[in-house]
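**Student:** One structure is given below, represented as structure tokens, and several questions about it will come after.
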Number of protein chains: 2
Amino acid sequence: MRTTAEVTLPVTLDRTDVRPLPVQLAEALRRLILDGWLAPGDPLPSTRSLARAAAVSRGTVVAGYDQLSAEGFLTAREGAATVVNPRLAVVHPQLGRTRPEPPPAPPAASVIDLRPGRPWTADVATAGWRAAWRAAATNPFGCDVVPAGDAGLRAALADHLRRMRGVHRPAEHVLVTAGAREGLAVLLHALGRPGPVGVEEPGYPSLRRVPARLGLSTVPLPADDAGLITSALPEVGPPAAVVVTPSHQYPLGGSMPIERRQQLLAWAARHDVVIVEDDYDAELRYTSRPLPALAALDDPDDGRVVTLGTFAKTVGPGLGVGYLLAPARLLPAVLASRTDLGQPVAQLTQRALAHYLDSGELRRHVQRMRQLYGRRRRLVSAELAGLRHGRVYPVDGGLHGVIETARDEAEVLAAARAGGVLATPLSAHWSGQREDRSGVVFGFGAVSEADLVAALRVLLAAIDG
Amino acid sequence: MRTTAEVTLPVTLDRTDVRPLPVQLAEALRRLILDGWLAPGDPLPSTRSLARAAAVSRGTVVAGYDQLSAEGFLTAREGAATVVNPRLAVVHPQLGRTRPEPPPAPPAASVIDLRPGRPWTADVATAGWRAAWRAAATNPFGCDVVPAGDAGLRAALADHLRRMRGVHRPAEHVLVTAGAREGLAVLLHALGRPGPVGVEEPGYPSLRRVPARLGLSTVPLPADDAGLITSALPEVGPPAAVVVTPSHQYPLGGSMPIERRQQLLAWAARHDVVIVEDDYDAELRYTSRPLPALAALDDPDDGRVVTLGTFAKTVGPGLGVGYLLAPARLLPAVLASRTDLGQPVAQLTQRALAHYLDSGELRRHVQRMRQLYGRRRRLVSAELAGLRHGRVYPVDGGLHGVIETARDEAEVLAAARAGGVLATPLSAHWSGQREDRSGVVFGFGAVSEADLVAALRVLLAAIDG
């Protein structure tokens with residue numbers, strides 16, 4: 001028998017789950033007992049301290065304990081700690097008697113999800129994170145909404161752009177958005193929903209759907225792993241705007257060299273095209289410092305680059321905040337569009353994020369994540385070194401990798417799925433005339449290292465047949 | 001000399017202010033000394049406790065105290081509390097020597113803003129509010145975003161609709177939005193941006209701008225203080241959708257009677273029109289229980305009423321959360337639109353609001369606000385009883401009132417502004433053919449009772465000339 005420090009009990013409750021919290025809690029504790037993590041006679045935390053640790057009411061914990069006592073898993077003792085029933089083996093003779101190590105995660109039958117775009121969020125809720133939200137929730141709740149976003153957050157974002165992306169602009173050029181898609185919608189409305197929107201081919205399907213949803217046609221423009229192929233840009237009938245990923249072409253993974261950047265800017269100037277820079281994960285670089293954002297080459301006043309930034313990859317998509325950086329000449333129209341459509345980001349979220357940025361906690365988190373993803377990137381290289389029938393694209397940044405496969409991608413993905421691994425077909429990133437290129441796009445952000453290794457082995461076997 | 005309990009020091013710092021926090025803190029304390037609120041010899045709170053109370057770092061307080069010590073306002077004593085300089089009158093002889101009551105708010109020269117639509121938010125940040133955000137910030141930060149919104153919040157919203165609005169629908173019919181405008185945009189995109197959108201005339205200018213921004217024309221449909229005049233609805237060339245405020249016509253203030261509701265539903269069924277119910281402040285009723293939402297009369301599966309709810313009036317526009325309730329037949333299109341455009345509301349905000357709703361704190365807050373606004377409504381009646389050259393519309397709910405004026409509204413508003421009071425012209429609520437009706441729309445939510453009385457007297461004098 002040992003003392004159970006409450007903080008070590010791995011109980012996670014999900015408020016988005018339809019099951020009531022006491023039911024979830026009872027289920028989690030039952031699982032810990034069944035897995036041998038808690039043994040007969042082990043004391044449980046007090047209801048008060050477990051309630052605090054799990055951020056639920058004490059009544060929830062009492063109800064969960066009561067349920068398990070009724071089932072014979074726990075024994076409540078007047079005036080003393082509740083313990084795992086010392087006579088558990090009598091009441092539930094089918095349970096094993098040995099104490100294994102903590103339950104392996106995930107259970108054997110589960111699926112490892114390597115679909116790309118999802119970061120590692122388990123380490124977001126640090127003390128600095130909680131302090132930011134606490135400060136925001138304690139501050140007086142104001143009554144006014146600033147369409148462009150709170151001044152404090154805009155200043156913090158301008159500072160972030162300076163430090164992380166090499167772009168020096170006043171805070172007034174930065175607008176708070178709910179993310180890249182929301183920012184793109186505001187921008188396209190600001191431009192009066194202009195003609196066709198050029199998109200990289202291959203490119204990011206999710207962002208491509210925004211102009212389509214707004215009733216604008218999209219024009220695929222060929223890209224390779226160095227970004228948009230600027231020599232192939234149309235000199236006749238150019239689109240009104242073009243969405244590009246110069247820092248990290250999605251999905252192929254390269255960075256646009258300076259020559260292409262200059263060619264793109266010159267082409268856009270010739271044809272009066274607005275360049276939308278989707279700067280979705282540039283902060284995550286493992287081999288060298290990233291090039292500054294494309295906006296750094298643009299004129300702050302009369303320019304034509306609008307940068308869409310996000311914290312979806314550095315913090316998590318659930319943060320629901322991004323930003324839009326526009327040159328001065330476009331600001332009035334963007335502000336008018338934002339004013340008409342409303343500021344979707346809660347005041348409290350804006351204040352918490354400003355605190356998180358100002359305190360340096362975002363930078364520390366990104367630094368930690370760079371190290372974590374860097375380790376995973378090395379695992380990916382090591383595991384895929386044995387690939388025989390395919391080509392691995394270099395992974396210099398971000399959260400995903402690409403493997404071109406000799407075997408048809410549909411067969412590869414079906415075999416991987418049969419082995420419990422989900423990934424995404426490379427062809428899904430072409431909108432129109434699909435190239436004859438089979439491949440797999442896989443993420444390495446949201447899974448543990450053990451899962452990553454296991455999943456890559458399944459994937460490798462599926463590719464090499 | 002007396003002891004200064006730190007909790008009574010009225011120091012409010014604004015994170016959205018561009019000035020650094022230590023500068024703001026020094027300014028606030030300097031003001032308290034200049035106003036006599038803190039007298040020579042009075043001890044200040046410890047840096048630690050003031051830091052906690054003001055939710056800033058201790059370094060901020062230390063820096064603020066240092067600044068004021070350098071200016072001669074404070075005296076730091078080794079190992080003892082910092083005090084207001086006992087020799088203040090010597091250092092700053094221009095300061096008065098008497099101690100007045102706490103500084104009057106607002107300063108004499110300021111403006112009282114009676115523009116409508118702003119609630120009283122000073123009492124939002126209760127212990128229950130902070131607990132909701134604390135729980136949300138402590139929960140593990142998940143990696144996935146659910147386009148429709150977190151299941152826990154959707155369930156809480158369905159419960160809210162049942163209790164507060166008499167609408168019994170499953171949680172699956174409720175989507176989380178960033179507010180009414182965002183919900184309207186998602187809906188109009190879901191409907192494929194259909195033909196013209198009917199709007200009430202007079203009506204709410206802000207919501208009217210959403211279809212315009214999406215490139216849809218709006219058709220003004222005559223309304224009076226009992227809502228849309230259903231007998232005047234067009235039988236030829238009807239709009240594709242119509243936005244109405246059946247619970248509380250904006251701005252005239254009445255509730256749509258049941259006969260008109262049934263006529264509206266029958267007309268919409270005849271012409272296959274989608275009815276958008278803008279349910280912006282129905283929770284705030286002072287004279288009787290509100291009628292259930294229009295959606296309660298509609299078919300949950302094959303119906304045509306889409307209700308847009310918001311917490312902008314019950315909590316504050318800065319919360320940035322609302323909801324959309326749709327009948328089953330429209331859900332797939334709405335969900336597809338939401339999926340393409342992205343869920344703008346942060347996961348953490350959703351969880352905090354679910355907690356706030358589930359704990360009953362929202363209901364308690366609304367109850368407190370009903371009492372507070374009820375008192376103000378009585379003040380409004382009492383103050384406006386003496387009006388000679390105008391007509392006051394009944395205020396049965398909400399946060400604003402309407403006065404029809406004999407004097408031209410532009411003159412009235414200019415005279416009020418000269419007296420330091422801001423309000424809104426009634427004519428601004430007509431989009432097209434303005435009726436020849438002069439008037440003033442004024443809010444009574446966001447100002448103190450003393451300010452409200454003072455401002456109404458200025459307004460009354462402006463109207464009666």
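Letters for chains follow the order of the structure tokens (A, B, ...), residue numbers begin at 1 for each chain, and ligand numbers begin at 1 in the order shown.
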Report the closest atom pair, with its distance in Å rounded to one decimal, for each residue of chain B that has an atom no farther than 7 Å from chain A; count only C-alpha atoms, sort by chain and then rising residue number, and write it as a tab-separated table.

**Tutor:**
```
residue	atom	partner	partner_atom	distance
B:Arg15	CA	A:Gly152	CA	5.9
B:Thr16	CA	A:Gly152	CA	4.1
B:Asp17	CA	A:Gly152	CA	6.1
B:Val18	CA	A:Gly152	CA	6.2
B:Ala55	CA	A:Ala135	CA	5.5
B:Arg118	CA	A:Cys143	CA	6.4
B:Pro119	CA	A:Cys143	CA	6.7
B:Thr121	CA	A:Cys143	CA	5.7
B:Ala122	CA	A:Phe141	CA	6.4
B:Val124	CA	A:Phe141	CA	6.4
B:Ala125	CA	A:Phe141	CA	6.4
B:Arg130	CA	A:Ala137	CA	5.6
B:Trp133	CA	A:Ala137	CA	6.4
B:Arg134	CA	A:Arg134	CA	6.3
B:Ala135	CA	A:Ala55	CA	5.4
B:Ala137	CA	A:Arg130	CA	5.6
B:Thr138	CA	A:Arg130	CA	6.5
B:Pro140	CA	A:Ala125	CA	6.4
B:Phe141	CA	A:Thr121	CA	6.0
B:Gly142	CA	A:Thr121	CA	6.0
B:Cys143	CA	A:Thr121	CA	5.7
B:Asp144	CA	A:Gly318	CA	6.7
B:Val145	CA	A:Gly318	CA	5.7
B:Asp150	CA	A:Thr16	CA	5.4
B:Ala151	CA	A:Thr16	CA	4.7
B:Gly152	CA	A:Thr16	CA	4.2
B:Ala178	CA	A:Pro344	CA	5.1
B:Arg181	CA	A:Leu341	CA	6.1
B:Glu182	CA	A:Leu341	CA	6.6
B:His189	CA	A:Arg213	CA	6.7
B:Ser206	CA	A:Asp340	CA	6.9
B:Arg209	CA	A:Asp340	CA	5.9
B:Val210	CA	A:Leu341	CA	6.1
B:Arg213	CA	A:His189	CA	6.7
B:Gly316	CA	A:Cys143	CA	5.9
B:Pro317	CA	A:Val145	CA	6.5
B:Gly318	CA	A:Gln347	CA	4.8
B:Leu319	CA	A:Ala346	CA	4.9
B:Gly320	CA	A:Ala346	CA	4.4
B:Asp340	CA	A:Arg209	CA	5.9
B:Leu341	CA	A:Val210	CA	6.1
B:Gly342	CA	A:Arg181	CA	6.6
B:Pro344	CA	A:Ala178	CA	5.1
B:Val345	CA	A:Gly320	CA	5.9
B:Ala346	CA	A:Gly320	CA	4.4
B:Gln347	CA	A:Gly318	CA	4.8
```

**Student:** Those selected residues, please, written with C-alpha atoms and delivered as a PDB file, in the first residue's frame.

**Tutor:**
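Below is the file that was written, part33.pdb:
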```pdb
ATOM      1  CA  ARG B  15      -4.531  46.363 -20.368  1.00  0.00           C
ATOM      2  CA  THR B  16      -5.846  47.798 -23.594  1.00  0.00           C
ATOM      3  CA  ASP B  17      -4.288  51.131 -22.772  1.00  0.00           C
ATOM      4  CA  VAL B  18      -1.102  51.846 -24.697  1.00  0.00           C
ATOM      5  CA  ALA B  55      -3.820  41.511 -11.054  1.00  0.00           C
ATOM      6  CA  ARG B 118     -24.594  48.921 -24.174  1.00  0.00           C
ATOM      7  CA  PRO B 119     -25.288  46.917 -21.026  1.00  0.00           C
ATOM      8  CA  THR B 121     -20.881  45.294 -17.338  1.00  0.00           C
ATOM      9  CA  ALA B 122     -19.329  46.504 -14.085  1.00  0.00           C
ATOM     10  CA  VAL B 124     -20.098  40.819 -14.578  1.00  0.00           C
ATOM     11  CA  ALA B 125     -16.834  39.730 -12.960  1.00  0.00           C
ATOM     12  CA  ARG B 130     -13.964  34.014 -12.382  1.00  0.00           C
ATOM     13  CA  TRP B 133     -12.774  31.025 -16.541  1.00  0.00           C
ATOM     14  CA  ARG B 134     -10.449  29.481 -14.001  1.00  0.00           C
ATOM     15  CA  ALA B 135     -11.959  26.049 -14.591  1.00  0.00           C
ATOM     16  CA  ALA B 137      -8.057  27.643 -18.154  1.00  0.00           C
ATOM     17  CA  THR B 138      -7.134  24.759 -15.865  1.00  0.00           C
ATOM     18  CA  PRO B 140      -6.355  20.435 -20.513  1.00  0.00           C
ATOM     19  CA  PHE B 141      -6.232  22.443 -23.722  1.00  0.00           C
ATOM     20  CA  GLY B 142      -7.441  20.128 -26.461  1.00  0.00           C
ATOM     21  CA  CYS B 143      -6.253  20.053 -30.011  1.00  0.00           C
ATOM     22  CA  ASP B 144      -9.490  19.602 -31.936  1.00  0.00           C
ATOM     23  CA  VAL B 145     -12.003  22.214 -32.944  1.00  0.00           C
ATOM     24  CA  ASP B 150     -18.356  22.168 -28.078  1.00  0.00           C
ATOM     25  CA  ALA B 151     -21.007  19.614 -27.148  1.00  0.00           C
ATOM     26  CA  GLY B 152     -21.077  20.805 -23.537  1.00  0.00           C
ATOM     27  CA  ALA B 178     -19.450  34.694 -32.269  1.00  0.00           C
ATOM     28  CA  ARG B 181     -23.868  39.202 -37.025  1.00  0.00           C
ATOM     29  CA  GLU B 182     -21.496  36.277 -37.334  1.00  0.00           C
ATOM     30  CA  HIS B 189     -23.630  31.704 -46.777  1.00  0.00           C
ATOM     31  CA  SER B 206     -25.865  47.031 -37.521  1.00  0.00           C
ATOM     32  CA  ARG B 209     -25.139  45.797 -42.862  1.00  0.00           C
ATOM     33  CA  VAL B 210     -24.299  42.075 -42.917  1.00  0.00           C
ATOM     34  CA  ARG B 213     -21.546  43.413 -46.953  1.00  0.00           C
ATOM     35  CA  GLY B 316     -21.751  42.157 -22.677  1.00  0.00           C
ATOM     36  CA  PRO B 317     -20.746  42.455 -26.325  1.00  0.00           C
ATOM     37  CA  GLY B 318     -17.165  41.713 -25.310  1.00  0.00           C
ATOM     38  CA  LEU B 319     -18.097  38.115 -24.469  1.00  0.00           C
ATOM     39  CA  GLY B 320     -18.178  37.450 -28.206  1.00  0.00           C
ATOM     40  CA  ASP B 340     -15.865  26.018 -44.419  1.00  0.00           C
ATOM     41  CA  LEU B 341     -15.668  29.341 -42.598  1.00  0.00           C
ATOM     42  CA  GLY B 342     -14.298  27.915 -39.336  1.00  0.00           C
ATOM     43  CA  PRO B 344     -14.434  31.553 -34.501  1.00  0.00           C
ATOM     44  CA  VAL B 345     -15.165  31.077 -30.791  1.00  0.00           C
ATOM     45  CA  ALA B 346     -12.190  29.950 -28.695  1.00  0.00           C
ATOM     46  CA  GLN B 347     -12.457  26.551 -27.043  1.00  0.00           C
TER      47      GLN B 347
END
```

**Student:** Apply DSSP to the structure's backbone, then extract all residues of stretch 169-270 of chain A labelled helix (DSSP H, G or I) and return them as a count of residues only.

**Tutor:** 39

**Student:** Report as a ChimeraX atom specification all protein, DNA and RNA residues lying within 8 Å of B:Val276, evaluated on only C-alpha atoms, omitting residues in the same chain fewer than 2 positions from it.

**Tutor:** /B:241-244,274,278,305-308

**Student:** For the selection you just gave me, I'd like the residues written to a file as a CSV table (one decimal), in the first residue's frame, keeping N, CA and C atoms.

**Tutor:**
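selection-v1.csv, freshly written:
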```csv
chain,number,residue,atom,x,y,z
B,241,ALA,N,-35.2,35.8,-47.5
B,241,ALA,CA,-35.2,35.7,-46.1
B,241,ALA,C,-35.6,37.0,-45.5
B,242,VAL,N,-36.0,37.0,-44.2
B,242,VAL,CA,-36.5,38.2,-43.6
B,242,VAL,C,-36.0,38.2,-42.1
B,243,VAL,N,-35.4,39.3,-41.7
B,243,VAL,CA,-34.8,39.4,-40.3
B,243,VAL,C,-35.8,40.2,-39.5
B,244,VAL,N,-36.3,39.6,-38.4
B,244,VAL,CA,-37.3,40.3,-37.5
B,244,VAL,C,-36.8,40.2,-36.1
B,274,VAL,N,-37.1,32.1,-45.4
B,274,VAL,CA,-36.5,31.8,-44.2
B,274,VAL,C,-36.6,33.0,-43.2
B,278,ASP,N,-34.1,37.7,-34.7
B,278,ASP,CA,-33.0,38.3,-34.0
B,278,ASP,C,-33.5,38.5,-32.5
B,305,VAL,N,-37.8,28.9,-39.2
B,305,VAL,CA,-37.3,30.0,-38.3
B,305,VAL,C,-35.9,29.7,-37.8
B,306,VAL,N,-35.0,30.6,-38.0
B,306,VAL,CA,-33.6,30.4,-37.5
B,306,VAL,C,-33.5,31.5,-36.5
B,307,THR,N,-33.2,31.2,-35.2
B,307,THR,CA,-33.1,32.1,-34.1
B,307,THR,C,-31.7,32.5,-33.9
B,308,LEU,N,-31.4,33.7,-33.9
B,308,LEU,CA,-30.0,34.2,-33.5
B,308,LEU,C,-30.1,34.8,-32.1
```

**Student:** Please run DSSP on the backbone and report, as JSON, numbers by chain, all residues within stretch 287-402 of chain A that come out as strand (DSSP E).

**Tutor:** {"A": [305, 306, 307, 308, 309, 310, 322, 323, 324, 325, 390, 391, 392, 400, 401, 402]}

**Student:** Tell me which protein, DNA and RNA residues are within 8 Å of B:Val219, counting only C-alpha atoms, leaving out same-chain ones fewer than 3 positions away, and put them as a list in words.

**Tutor:**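 Non-adjacent residues within range: Pro196, Val197, Gly198, Val199 and Pro239 of chain B.
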
**Student:** Restrict the selected residues to N, CA, C and O atoms and save them as a compact mmCIF listing (two decimals), in the first residue's frame.

**Tutor:**
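Saved as again13.txt:
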```txt
# COMPACT_ATOMS: atom_id res chain seq x y z
N PRO B 196 -32.75 39.00 -52.24
CA PRO B 196 -32.84 40.09 -51.27
C PRO B 196 -33.24 39.58 -49.88
O PRO B 196 -33.91 38.57 -49.74
N VAL B 197 -32.80 40.32 -48.88
CA VAL B 197 -33.13 40.02 -47.49
C VAL B 197 -34.04 41.12 -46.95
O VAL B 197 -33.67 42.31 -47.00
N GLY B 198 -35.22 40.74 -46.49
CA GLY B 198 -36.14 41.70 -45.91
C GLY B 198 -35.69 42.11 -44.51
O GLY B 198 -35.21 41.28 -43.74
N VAL B 199 -35.79 43.40 -44.21
CA VAL B 199 -35.43 43.90 -42.88
C VAL B 199 -36.54 44.81 -42.39
O VAL B 199 -37.24 45.44 -43.18
N PRO B 239 -38.89 38.52 -50.48
CA PRO B 239 -37.46 38.28 -50.30
C PRO B 239 -37.20 36.81 -49.97
O PRO B 239 -38.12 36.06 -49.66
```

**Student:** Please, what distance in Å, to one decimal, runs between atom CA of B:Gly253 and atom CA of B:Val395?

**Tutor:**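 These two atoms are separated by 6.5 Å.
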
**Student:** Residues at most 9 Å from B:Arg261, counting only C-alpha atoms, excluding those fewer than 2 positions away in the same chain, as a PDB file with all heavy atoms, in the first residue's frame?

**Tutor:**
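To be explicit, this is the file written out as around-v6.pdb:
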```
ATOM      1  N   THR B 230     -47.578  42.634 -40.591  1.00  0.00           N
ATOM      2  CA  THR B 230     -47.702  41.450 -41.445  1.00  0.00           C
ATOM      3  C   THR B 230     -48.704  41.659 -42.571  1.00  0.00           C
ATOM      4  O   THR B 230     -48.595  41.032 -43.615  1.00  0.00           O
ATOM      5  CB  THR B 230     -48.086  40.231 -40.600  1.00  0.00           C
ATOM      6  OG1 THR B 230     -49.101  40.600 -39.670  1.00  0.00           O
ATOM      7  CG2 THR B 230     -46.883  39.739 -39.820  1.00  0.00           C
ATOM      8  N   PRO B 246     -39.141  39.824 -33.128  1.00  0.00           N
ATOM      9  CA  PRO B 246     -40.489  39.646 -32.561  1.00  0.00           C
ATOM     10  C   PRO B 246     -40.553  39.872 -31.055  1.00  0.00           C
ATOM     11  O   PRO B 246     -41.581  40.325 -30.548  1.00  0.00           O
ATOM     12  CB  PRO B 246     -40.852  38.200 -32.920  1.00  0.00           C
ATOM     13  CG  PRO B 246     -39.603  37.546 -33.353  1.00  0.00           C
ATOM     14  CD  PRO B 246     -38.660  38.616 -33.798  1.00  0.00           C
ATOM     15  N   MET B 256     -44.179  41.374 -30.604  1.00  0.00           N
ATOM     16  CA  MET B 256     -45.095  41.010 -31.680  1.00  0.00           C
ATOM     17  C   MET B 256     -46.210  40.132 -31.121  1.00  0.00           C
ATOM     18  O   MET B 256     -45.939  39.086 -30.523  1.00  0.00           O
ATOM     19  CB  MET B 256     -44.321  40.247 -32.752  1.00  0.00           C
ATOM     20  CG  MET B 256     -45.046  40.085 -34.068  1.00  0.00           C
ATOM     21  SD  MET B 256     -44.060  39.058 -35.209  1.00  0.00           S
ATOM     22  CE  MET B 256     -44.225  39.992 -36.713  1.00  0.00           C
ATOM     23  N   PRO B 257     -47.470  40.525 -31.311  1.00  0.00           N
ATOM     24  CA  PRO B 257     -48.564  39.715 -30.769  1.00  0.00           C
ATOM     25  C   PRO B 257     -48.700  38.396 -31.544  1.00  0.00           C
ATOM     26  O   PRO B 257     -48.218  38.268 -32.667  1.00  0.00           O
ATOM     27  CB  PRO B 257     -49.794  40.602 -30.948  1.00  0.00           C
ATOM     28  CG  PRO B 257     -49.418  41.600 -31.985  1.00  0.00           C
ATOM     29  CD  PRO B 257     -47.925  41.748 -31.966  1.00  0.00           C
ATOM     30  N   ILE B 258     -49.385  37.466 -30.906  1.00  0.00           N
ATOM     31  CA  ILE B 258     -49.441  36.105 -31.441  1.00  0.00           C
ATOM     32  C   ILE B 258     -50.075  36.065 -32.833  1.00  0.00           C
ATOM     33  O   ILE B 258     -49.655  35.291 -33.695  1.00  0.00           O
ATOM     34  CB  ILE B 258     -50.182  35.174 -30.443  1.00  0.00           C
ATOM     35  CG1 ILE B 258     -50.166  33.724 -30.908  1.00  0.00           C
ATOM     36  CG2 ILE B 258     -51.585  35.664 -30.160  1.00  0.00           C
ATOM     37  CD1 ILE B 258     -48.812  33.076 -30.783  1.00  0.00           C
ATOM     38  N   GLU B 259     -51.074  36.934 -33.100  1.00  0.00           N
ATOM     39  CA  GLU B 259     -51.726  36.908 -34.410  1.00  0.00           C
ATOM     40  C   GLU B 259     -50.706  37.237 -35.508  1.00  0.00           C
ATOM     41  O   GLU B 259     -50.635  36.570 -36.540  1.00  0.00           O
ATOM     42  CB  GLU B 259     -52.873  37.917 -34.486  1.00  0.00           C
ATOM     43  CG  GLU B 259     -54.006  37.693 -33.482  1.00  0.00           C
ATOM     44  CD  GLU B 259     -53.610  38.100 -32.070  1.00  0.00           C
ATOM     45  OE1 GLU B 259     -52.744  39.005 -31.914  1.00  0.00           O
ATOM     46  OE2 GLU B 259     -54.133  37.499 -31.104  1.00  0.00           O
ATOM     47  N   GLN B 263     -49.406  35.030 -38.662  1.00  0.00           N
ATOM     48  CA  GLN B 263     -49.481  35.541 -40.044  1.00  0.00           C
ATOM     49  C   GLN B 263     -48.101  35.519 -40.711  1.00  0.00           C
ATOM     50  O   GLN B 263     -47.973  35.171 -41.882  1.00  0.00           O
ATOM     51  CB  GLN B 263     -50.042  36.967 -40.041  1.00  0.00           C
ATOM     52  CG  GLN B 263     -51.551  37.009 -39.811  1.00  0.00           C
ATOM     53  CD  GLN B 263     -52.026  38.356 -39.279  1.00  0.00           C
ATOM     54  OE1 GLN B 263     -51.257  39.311 -39.181  1.00  0.00           O
ATOM     55  NE2 GLN B 263     -53.310  38.429 -38.934  1.00  0.00           N
ATOM     56  N   LEU B 264     -47.080  35.895 -39.938  1.00  0.00           N
ATOM     57  CA  LEU B 264     -45.721  35.893 -40.485  1.00  0.00           C
ATOM     58  C   LEU B 264     -45.304  34.478 -40.893  1.00  0.00           C
ATOM     59  O   LEU B 264     -44.772  34.258 -41.982  1.00  0.00           O
ATOM     60  CB  LEU B 264     -44.750  36.461 -39.440  1.00  0.00           C
ATOM     61  CG  LEU B 264     -43.264  36.400 -39.783  1.00  0.00           C
ATOM     62  CD1 LEU B 264     -42.957  37.201 -41.047  1.00  0.00           C
ATOM     63  CD2 LEU B 264     -42.410  36.922 -38.616  1.00  0.00           C
ATOM     64  N   LEU B 265     -45.588  33.501 -40.020  1.00  0.00           N
ATOM     65  CA  LEU B 265     -45.217  32.118 -40.325  1.00  0.00           C
ATOM     66  C   LEU B 265     -45.974  31.610 -41.556  1.00  0.00           C
ATOM     67  O   LEU B 265     -45.394  30.923 -42.408  1.00  0.00           O
ATOM     68  CB  LEU B 265     -45.502  31.222 -39.118  1.00  0.00           C
ATOM     69  CG  LEU B 265     -44.533  31.390 -37.935  1.00  0.00           C
ATOM     70  CD1 LEU B 265     -45.088  30.705 -36.696  1.00  0.00           C
ATOM     71  CD2 LEU B 265     -43.162  30.825 -38.295  1.00  0.00           C
ATOM     72  N   ALA B 266     -47.257  31.967 -41.650  1.00  0.00           N
ATOM     73  CA  ALA B 266     -48.053  31.503 -42.790  1.00  0.00           C
ATOM     74  C   ALA B 266     -47.542  32.130 -44.087  1.00  0.00           C
ATOM     75  O   ALA B 266     -47.399  31.448 -45.120  1.00  0.00           O
ATOM     76  CB  ALA B 266     -49.529  31.846 -42.570  1.00  0.00           C
ATOM     77  N   LEU B 294     -40.133  33.124 -31.281  1.00  0.00           N
ATOM     78  CA  LEU B 294     -40.931  32.751 -32.453  1.00  0.00           C
ATOM     79  C   LEU B 294     -40.675  31.298 -32.837  1.00  0.00           C
ATOM     80  O   LEU B 294     -41.585  30.585 -33.287  1.00  0.00           O
ATOM     81  CB  LEU B 294     -40.564  33.690 -33.615  1.00  0.00           C
ATOM     82  CG  LEU B 294     -41.346  33.549 -34.908  1.00  0.00           C
ATOM     83  CD1 LEU B 294     -42.816  33.891 -34.695  1.00  0.00           C
ATOM     84  CD2 LEU B 294     -40.750  34.443 -35.996  1.00  0.00           C
ATOM     85  N   LEU B 297     -43.036  28.383 -32.092  1.00  0.00           N
ATOM     86  CA  LEU B 297     -44.234  28.120 -32.894  1.00  0.00           C
ATOM     87  C   LEU B 297     -43.896  27.342 -34.164  1.00  0.00           C
ATOM     88  O   LEU B 297     -44.776  27.006 -34.948  1.00  0.00           O
ATOM     89  CB  LEU B 297     -44.904  29.441 -33.308  1.00  0.00           C
ATOM     90  CG  LEU B 297     -45.442  30.340 -32.195  1.00  0.00           C
ATOM     91  CD1 LEU B 297     -46.019  31.617 -32.809  1.00  0.00           C
ATOM     92  CD2 LEU B 297     -46.517  29.604 -31.407  1.00  0.00           C
TER      93      LEU B 297
END
```

**Student:** Check the smallest atom-to-atom distance from each of B:Arg437, B:Arg329, B:His160, B:Arg370 to B:Thr310 using only C-alpha atoms, then report the winner.

**Tutor:**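 Distance minimum relative to B:Thr310 lands on B:His160.
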
**Student:** Would you list the contacts of stretch 403-411 of chain B as a ChimeraX atom specification, taking every protein, DNA or RNA residue within 10 Å and counting only C-alpha atoms, but skipping same-chain residues closer than 4 positions in sequence?

**Tutor:** /B:252,384,387-394,415-417,424-427,436-442,460,462-465

**Student:** Between atom CA of A:Thr314 and atom CA of A:Ala148, what is the spacing in Å?

**Tutor:**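 So the answer is 22.5 Å.
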
**Student:** How many Å lie between atom CA of B:Asp451 and atom CA of B:Ile112, rounded to one decimal?

**Tutor:** 6.8 Å
